[in-house]
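Printed here is protein-v5.txt (compact mmCIF, C-alpha atoms):
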# COMPACT_ATOMS: atom_id res chain seq x y z
CA MET A 1 -17.28 -80.50 -23.15
CA LEU A 2 -14.10 -78.44 -22.99
CA GLU A 3 -15.25 -76.08 -25.74
CA ARG A 4 -18.72 -75.73 -24.25
CA ALA A 5 -17.79 -75.07 -20.63
CA GLY A 6 -14.18 -73.90 -20.87
CA SER A 7 -13.01 -76.49 -18.33
CA VAL A 8 -13.42 -80.18 -17.48
CA GLN A 9 -13.27 -81.91 -14.09
CA LEU A 10 -12.07 -85.52 -14.07
CA SER A 11 -14.81 -86.90 -11.82
CA ALA A 12 -17.67 -85.03 -13.52
CA ALA A 13 -16.51 -85.97 -17.02
CA ALA A 14 -16.06 -89.62 -16.06
CA ALA A 15 -19.59 -89.74 -14.61
CA GLU A 16 -21.19 -88.01 -17.59
CA LEU A 17 -19.40 -90.14 -20.19
CA GLY A 18 -19.59 -93.41 -18.27
CA VAL A 19 -15.85 -94.12 -18.30
CA SER A 20 -13.06 -94.23 -15.74
CA GLU A 21 -11.17 -91.19 -14.54
CA MET A 22 -8.03 -92.80 -15.94
CA THR A 23 -9.60 -92.73 -19.41
CA ILE A 24 -10.47 -89.05 -19.01
CA ARG A 25 -6.95 -88.34 -17.75
CA ARG A 26 -5.38 -90.00 -20.80
CA ASP A 27 -7.68 -88.08 -23.14
CA LEU A 28 -6.85 -84.78 -21.48
CA ASP A 29 -3.14 -85.58 -21.68
CA GLY A 30 -3.58 -86.11 -25.42
CA LEU A 31 -5.52 -82.86 -25.82
CA GLU A 32 -2.78 -81.02 -23.94
CA GLN A 33 -0.15 -82.44 -26.32
CA GLU A 34 -2.25 -81.15 -29.24
CA GLY A 35 -2.41 -77.68 -27.66
CA ILE A 36 -6.18 -77.86 -27.12
CA ALA A 37 -6.23 -78.25 -23.33
CA ARG A 38 -4.13 -77.10 -20.38
CA ARG A 39 -3.98 -79.55 -17.48
CA VAL A 40 -4.82 -78.22 -14.02
CA ARG A 41 -5.38 -79.94 -10.69
CA GLY A 42 -8.36 -82.27 -11.01
CA GLY A 43 -8.95 -81.73 -14.72
CA ALA A 44 -8.15 -79.28 -17.50
CA THR A 45 -9.06 -75.91 -18.95
CA ARG A 46 -9.27 -74.87 -22.56
CA ALA A 47 -5.86 -73.83 -23.85
CA VAL A 48 -5.57 -70.17 -24.73
CA GLY A 49 -3.83 -69.66 -28.05
CA PRO A 50 -4.35 -68.13 -31.48
CA ARG A 51 -7.35 -69.57 -33.34
CA PRO A 52 -9.04 -68.40 -36.55
CA PHE A 53 -11.64 -65.65 -36.15
CA GLY A 54 -14.43 -67.75 -37.66
CA GLU A 55 -13.74 -70.65 -35.31
CA ARG A 56 -13.75 -68.35 -32.29
CA MET A 57 -16.90 -66.54 -33.44
CA ALA A 58 -18.81 -69.82 -33.53
CA GLN A 59 -18.10 -70.51 -29.86
CA ARG A 60 -20.29 -69.18 -27.03
CA ARG A 61 -22.49 -67.21 -29.42
CA GLN A 62 -25.37 -66.79 -26.94
CA ALA A 63 -23.05 -65.51 -24.23
CA LYS A 64 -21.42 -63.07 -26.65
CA ALA A 65 -24.81 -61.84 -27.85
CA ARG A 66 -25.91 -61.20 -24.26
CA ILE A 67 -22.71 -59.29 -23.53
CA ALA A 68 -23.20 -57.24 -26.70
CA GLN A 69 -26.75 -56.37 -25.64
CA LYS A 70 -25.46 -55.00 -22.35
CA ALA A 71 -22.57 -53.12 -23.97
CA ARG A 72 -24.63 -51.59 -26.78
CA ASP A 73 -26.30 -49.19 -24.34
CA LEU A 74 -22.83 -47.89 -23.39
CA VAL A 75 -21.92 -46.84 -26.94
CA PRO A 76 -22.11 -43.04 -27.47
CA ALA A 77 -24.05 -41.50 -30.34
CA HIS A 78 -21.10 -39.47 -31.62
CA GLY A 79 -17.39 -38.94 -31.15
CA ALA A 80 -14.97 -41.86 -31.47
CA ILE A 81 -14.67 -45.31 -29.96
CA ALA A 82 -12.25 -48.22 -30.47
CA LEU A 83 -13.06 -51.90 -30.88
CA ASP A 84 -10.37 -54.54 -30.58
CA ALA A 85 -10.06 -57.61 -32.82
CA SER A 86 -11.91 -60.05 -30.55
CA THR A 87 -15.02 -61.99 -31.51
CA THR A 88 -16.81 -60.89 -28.33
CA VAL A 89 -16.41 -57.27 -29.44
CA GLY A 90 -17.34 -58.46 -32.93
CA SER A 91 -20.76 -59.38 -31.56
CA LEU A 92 -21.12 -55.80 -30.37
CA ALA A 93 -20.13 -54.54 -33.84
CA GLU A 94 -22.92 -56.63 -35.35
CA GLN A 95 -25.48 -55.02 -33.04
CA LEU A 96 -24.52 -51.35 -33.33
CA GLY A 97 -26.98 -50.46 -36.09
CA GLN A 98 -26.78 -47.31 -38.19
CA ARG A 99 -24.38 -44.71 -36.79
CA ASP A 100 -23.72 -41.64 -38.89
CA ASP A 101 -21.82 -39.50 -36.38
CA LEU A 102 -19.67 -42.09 -34.62
CA LEU A 103 -16.13 -42.92 -35.72
CA VAL A 104 -15.31 -46.54 -34.85
CA MET A 105 -11.68 -47.62 -35.15
CA THR A 106 -10.74 -51.30 -35.13
CA ASN A 107 -7.75 -53.48 -35.98
CA SER A 108 -9.93 -56.35 -37.21
CA TRP A 109 -11.03 -56.78 -40.82
CA GLU A 110 -13.93 -58.98 -39.72
CA ASN A 111 -15.13 -56.46 -37.14
CA PHE A 112 -14.73 -53.66 -39.69
CA ALA A 113 -16.90 -55.63 -42.13
CA ALA A 114 -19.50 -56.20 -39.39
CA LEU A 115 -19.58 -52.47 -38.66
CA ARG A 116 -20.16 -51.67 -42.33
CA ARG A 117 -22.96 -54.24 -42.55
CA ALA A 118 -24.54 -52.74 -39.44
CA GLY A 119 -24.55 -49.26 -41.00
CA VAL A 120 -21.66 -47.52 -39.21
CA ALA A 121 -20.68 -44.88 -41.76
CA LYS A 122 -17.33 -43.97 -40.16
CA ALA A 123 -15.97 -47.47 -39.57
CA THR A 124 -12.18 -47.25 -39.86
CA LEU A 125 -9.37 -49.81 -40.03
CA THR A 126 -6.02 -49.18 -38.38
CA GLY A 127 -4.02 -50.82 -41.14
CA GLY A 128 -0.94 -52.81 -40.24
CA GLN A 129 0.41 -56.29 -40.71
CA ALA A 130 -2.24 -58.99 -41.08
CA ASP A 131 -2.12 -61.92 -38.67
CA ASP A 132 -3.54 -64.66 -40.86
CA LEU A 133 -4.53 -66.85 -37.93
CA THR A 134 -6.28 -64.40 -35.62
CA GLY A 135 -7.62 -62.10 -38.34
CA SER A 136 -6.24 -58.99 -36.63
CA LEU A 137 -3.96 -56.20 -37.83
CA VAL A 138 -0.85 -55.79 -35.70
CA GLY A 139 2.63 -54.27 -35.81
CA PRO A 140 3.99 -50.69 -35.81
CA MET A 141 1.50 -49.29 -38.34
CA ALA A 142 -1.47 -50.67 -36.42
CA CYS A 143 -0.09 -49.30 -33.15
CA ARG A 144 0.53 -45.87 -34.68
CA ALA A 145 -2.99 -45.64 -36.11
CA ALA A 146 -4.51 -46.82 -32.83
CA ALA A 147 -2.62 -44.08 -30.97
CA ASP A 148 -3.58 -41.26 -33.36
CA VAL A 149 -7.22 -40.90 -32.17
CA ARG A 150 -8.77 -39.87 -28.88
CA TYR A 151 -11.56 -42.26 -27.95
CA SER A 152 -14.38 -41.83 -25.50
CA THR A 153 -14.41 -45.61 -24.97
CA LEU A 154 -12.41 -48.70 -25.82
CA PHE A 155 -14.42 -51.91 -25.96
CA ALA A 156 -12.00 -54.82 -25.62
CA SER A 157 -11.90 -58.46 -24.67
CA GLY A 158 -9.05 -60.86 -23.99
CA ALA A 159 -7.96 -64.45 -24.31
CA GLY A 160 -8.36 -64.77 -20.57
CA VAL A 161 -9.13 -62.80 -17.41
CA ASP A 162 -7.73 -63.39 -13.95
CA VAL A 163 -7.48 -61.59 -10.63
CA GLU A 164 -3.73 -61.13 -10.67
CA ARG A 165 -3.04 -60.01 -14.23
CA GLY A 166 -6.28 -58.54 -15.53
CA ALA A 167 -7.00 -59.27 -19.19
CA SER A 168 -4.41 -61.21 -21.17
CA ASP A 169 -3.97 -61.89 -24.88
CA VAL A 170 -2.85 -64.65 -27.21
CA SER A 171 0.22 -62.75 -28.41
CA LEU A 172 2.41 -59.78 -27.55
CA GLU A 173 1.56 -58.18 -30.91
CA GLU A 174 -2.16 -58.34 -30.16
CA ALA A 175 -1.65 -56.87 -26.71
CA GLN A 176 0.47 -53.97 -28.02
CA VAL A 177 -2.30 -52.64 -30.30
CA LYS A 178 -4.85 -52.96 -27.52
CA LEU A 179 -2.65 -51.03 -25.11
CA GLU A 180 -2.33 -48.20 -27.64
CA PHE A 181 -6.11 -48.07 -27.95
CA ALA A 182 -6.38 -47.95 -24.15
CA ARG A 183 -3.88 -45.10 -23.80
CA GLY A 184 -6.08 -42.93 -25.98
CA ALA A 185 -9.38 -43.87 -24.34
CA GLU A 186 -11.19 -42.02 -21.59
CA ARG A 187 -12.91 -45.25 -20.55
CA VAL A 188 -12.02 -48.92 -21.02
CA ILE A 189 -14.76 -51.54 -20.96
CA LEU A 190 -13.77 -55.21 -20.85
CA LEU A 191 -16.19 -57.70 -22.42
CA ALA A 192 -15.57 -61.29 -21.33
CA ASP A 193 -17.70 -64.42 -21.12
CA ALA A 194 -17.59 -66.60 -18.02
CA THR A 195 -15.27 -69.25 -19.52
CA LYS A 196 -12.44 -66.69 -19.60
CA LEU A 197 -12.59 -65.96 -15.88
CA GLY A 198 -9.60 -67.43 -14.10
CA ASN A 199 -8.08 -68.66 -17.36
CA PRO A 200 -5.16 -66.36 -18.25
CA GLY A 201 -3.60 -66.06 -21.69
CA MET A 202 0.04 -65.90 -22.71
CA ALA A 203 0.66 -62.15 -23.07
CA ARG A 204 0.01 -59.49 -20.45
CA GLY A 205 -2.68 -57.09 -21.65
CA LEU A 206 -4.97 -54.62 -19.89
CA GLU A 207 -4.42 -54.39 -16.15
CA TRP A 208 -7.21 -53.80 -13.66
CA SER A 209 -5.95 -50.29 -12.92
CA GLY A 210 -6.77 -49.39 -16.53
CA ILE A 211 -10.17 -51.13 -16.77
CA ASP A 212 -13.28 -49.19 -15.79
CA LEU A 213 -16.02 -51.77 -16.28
CA LEU A 214 -16.30 -55.56 -16.72
CA VAL A 215 -19.27 -56.83 -18.73
CA THR A 216 -20.13 -60.54 -18.78
CA GLU A 217 -23.20 -62.57 -19.69
CA LEU A 218 -23.67 -63.41 -16.02
CA ASP A 219 -25.99 -61.75 -13.55
CA PRO A 220 -23.78 -59.22 -11.71
CA ALA A 221 -24.62 -60.99 -8.45
CA ASP A 222 -23.27 -64.35 -9.70
CA ALA A 223 -20.78 -65.86 -7.27
CA ARG A 224 -18.28 -66.47 -10.09
CA LEU A 225 -17.72 -62.72 -10.17
CA ASP A 226 -16.95 -62.40 -6.45
CA PRO A 227 -13.12 -62.38 -6.87
CA TYR A 228 -13.39 -59.33 -9.16
CA ARG A 229 -15.71 -57.09 -7.16
CA GLU A 230 -12.98 -55.15 -5.40
CA LEU A 231 -11.05 -54.71 -8.66
CA VAL A 232 -13.60 -53.29 -11.08
CA GLU A 233 -17.22 -52.25 -11.56
CA ILE A 234 -19.30 -55.14 -12.94
CA LEU A 235 -22.28 -55.05 -15.27
Starting from the file, give its structure as structure tokens.
Amino acid sequence: MLERAGSVQLSAAAAELGVSEMTIRRDLDGLEQEGIARRVRGGATRAVGPRPFGERMAQRRQAKARIAQKARDLVPAHGAIALDASTTVGSLAEQLGQRDDLLVMTNSWENFAALRRAGVAKATLTGGQADDLTGSLVGPMACRAAADVRYSTLFASGAGVDVERGASDVSLEEAQVKLEFARGAERVILLADATKLGNPGMARGLEWSGIDLLVTELDPADARLDPYRELVEIL
């Protein structure tokens, strides 16, 4: 339930599973000790931390595909864009199709491979130090390469999104590369599924002042997006 919805309420979980709230509370305490859940008032949310790319890619696939469909129309035919190392952006990479005149820079081996399979001729890796858990390339070399190109658009996601901090990441190293991408981009588009809303990650990432558009799988009129309307344009 936690993986599917991103959060669990004590009363709702107890009713659905036919057990007491005390049983749910004990289970959530155990999941928190394992680093899977983060306890909040009345229940728990999914813990935000580094997880393997393949594991993350398997979660919320329909939502990510819907976000990618929306974002695909925002990709230019030529010039240069940047894609971060997230699986949500990876879904966009899978859908790009053949692109002969578009340079696409990414710090993710998996997203680079998806771009090549899709037919993006100028797919480019930043290089850098490999993070074996997240599948991203980080460190000084990755930051330098990310900063060496001017991009029309950065497509990025985050471990979490909240009103106060904007988009956050699972690690400082991940956030640093993303910030370098953003400094060189004319436009920054944040792709985030609904489970990330109100669920911040560990490291400060892209702030609302630097984000031009938020794309989710939700209808733009969905009430869950109300807290963000005065902060950013929503698609």
What are the nearest atom pairs, with distances in Å to one decimal, for all residues of range 39-133 of chain A that come at most 10 Å from range 23-34 of chain A, using all atoms listed in the file, set out by chain and rising residue number as CSV?
residue,atom,partner,partner_atom,distance
A:Arg39,CA,A:Glu32,CA,6.7
A:Gly42,CA,A:Arg25,CA,9.2
A:Gly43,CA,A:Arg25,CA,7.5
A:Ala44,CA,A:Leu28,CA,6.9
A:Thr45,CA,A:Leu28,CA,9.5
A:Arg46,CA,A:Glu32,CA,9.0
A:Ala47,CA,A:Glu32,CA,7.8
Computed interatomic separation between CA of Leu179 in chain A and CA of Leu96 in chain A (Å):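 Distance reported for this atom pair: 23.4 Å.
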For range 115-222 of chain A against range 80-86 of chain A, with a cut-off of 12 Å and counting all atoms listed in the file, what is the closest atom pair and its distance in Å to one decimal for every residue that makes the cut, ordered by chain and number, as CSV?
residue,atom,partner,partner_atom,distance
A:Leu115,CA,A:Leu83,CA,10.2
A:Val120,CA,A:Ala80,CA,11.7
A:Lys122,CA,A:Ala80,CA,9.2
A:Ala123,CA,A:Ala82,CA,9.9
A:Thr124,CA,A:Ala82,CA,9.4
A:Leu125,CA,A:Leu83,CA,10.1
A:Thr126,CA,A:Ala82,CA,10.1
A:Ala130,CA,A:Ala85,CA,11.5
A:Asp131,CA,A:Ala85,CA,10.8
A:Leu133,CA,A:Ala85,CA,11.9
A:Thr134,CA,A:Ala85,CA,8.3
A:Gly135,CA,A:Ala85,CA,7.5
A:Ser136,CA,A:Ala85,CA,5.6
A:Leu137,CA,A:Ala85,CA,8.0
A:Val138,CA,A:Ala85,CA,9.8
A:Ala142,CA,A:Asp84,CA,11.3
A:Cys143,CA,A:Asp84,CA,11.8
A:Ala145,CA,A:Ala82,CA,11.1
A:Ala146,CA,A:Ala82,CA,8.2
A:Ala147,CA,A:Ala82,CA,10.5
A:Asp148,CA,A:Ala82,CA,11.5
A:Val149,CA,A:Ala80,CA,7.8
A:Arg150,CA,A:Ala80,CA,7.0
A:Tyr151,CA,A:Ile81,CA,4.8
A:Ser152,CA,A:Ile81,CA,5.7
A:Thr153,CA,A:Ile81,CA,5.0
A:Leu154,CA,A:Ala82,CA,4.7
A:Phe155,CA,A:Leu83,CA,5.1
A:Ala156,CA,A:Asp84,CA,5.2
A:Ser157,CA,A:Ser86,CA,6.1
A:Gly158,CA,A:Ser86,CA,7.2
A:Ala159,CA,A:Ser86,CA,8.6
A:Gly160,CA,A:Ser86,CA,11.6
A:Asp169,CA,A:Ser86,CA,9.9
A:Val170,CA,A:Ser86,CA,10.7
A:Glu173,CA,A:Ala85,CA,11.8
A:Glu174,CA,A:Ala85,CA,8.4
A:Ala175,CA,A:Asp84,CA,9.8
A:Gln176,CA,A:Asp84,CA,11.2
A:Val177,CA,A:Asp84,CA,8.3
A:Lys178,CA,A:Asp84,CA,6.5
A:Leu179,CA,A:Asp84,CA,10.1
A:Glu180,CA,A:Ala82,CA,10.3
A:Phe181,CA,A:Ala82,CA,6.6
A:Ala182,CA,A:Ala82,CA,8.6
A:Arg183,CA,A:Ala82,CA,11.1
A:Gly184,CA,A:Ala82,CA,9.3
A:Ala185,CA,A:Ile81,CA,7.9
A:Glu186,CA,A:Ile81,CA,9.6
A:Arg187,CA,A:Ile81,CA,9.6
A:Val188,CA,A:Ala82,CA,9.5
A:Ile189,CA,A:Leu83,CA,10.1
A:Leu190,CA,A:Asp84,CA,10.3
A:Leu191,CA,A:Ser86,CA,9.5
A:Ala192,CA,A:Ser86,CA,10.0
A:Asp193,CA,A:Ser86,CA,11.9
A:Leu206,CA,A:Asp84,CA,12.0
Interatomic distance, CA of Leu17 in chain A to CA of Leu218 in chain A (Å, one decimal): 27.4 Å
Pick the closest to Gln98 in chain A from A:Ala118, A:Ala194, A:Ala12, A:Ile234: which is it, counting all atoms listed in the file? A:Ala118
Ranking A:Arg165, A:Arg41, A:Lys70, A:Arg224 by minimum distance to Glu207 in chain A and counting all atoms listed in the file, which one comes first?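 The shortest atom-to-atom distance to Glu207 in chain A comes from A:Arg165.
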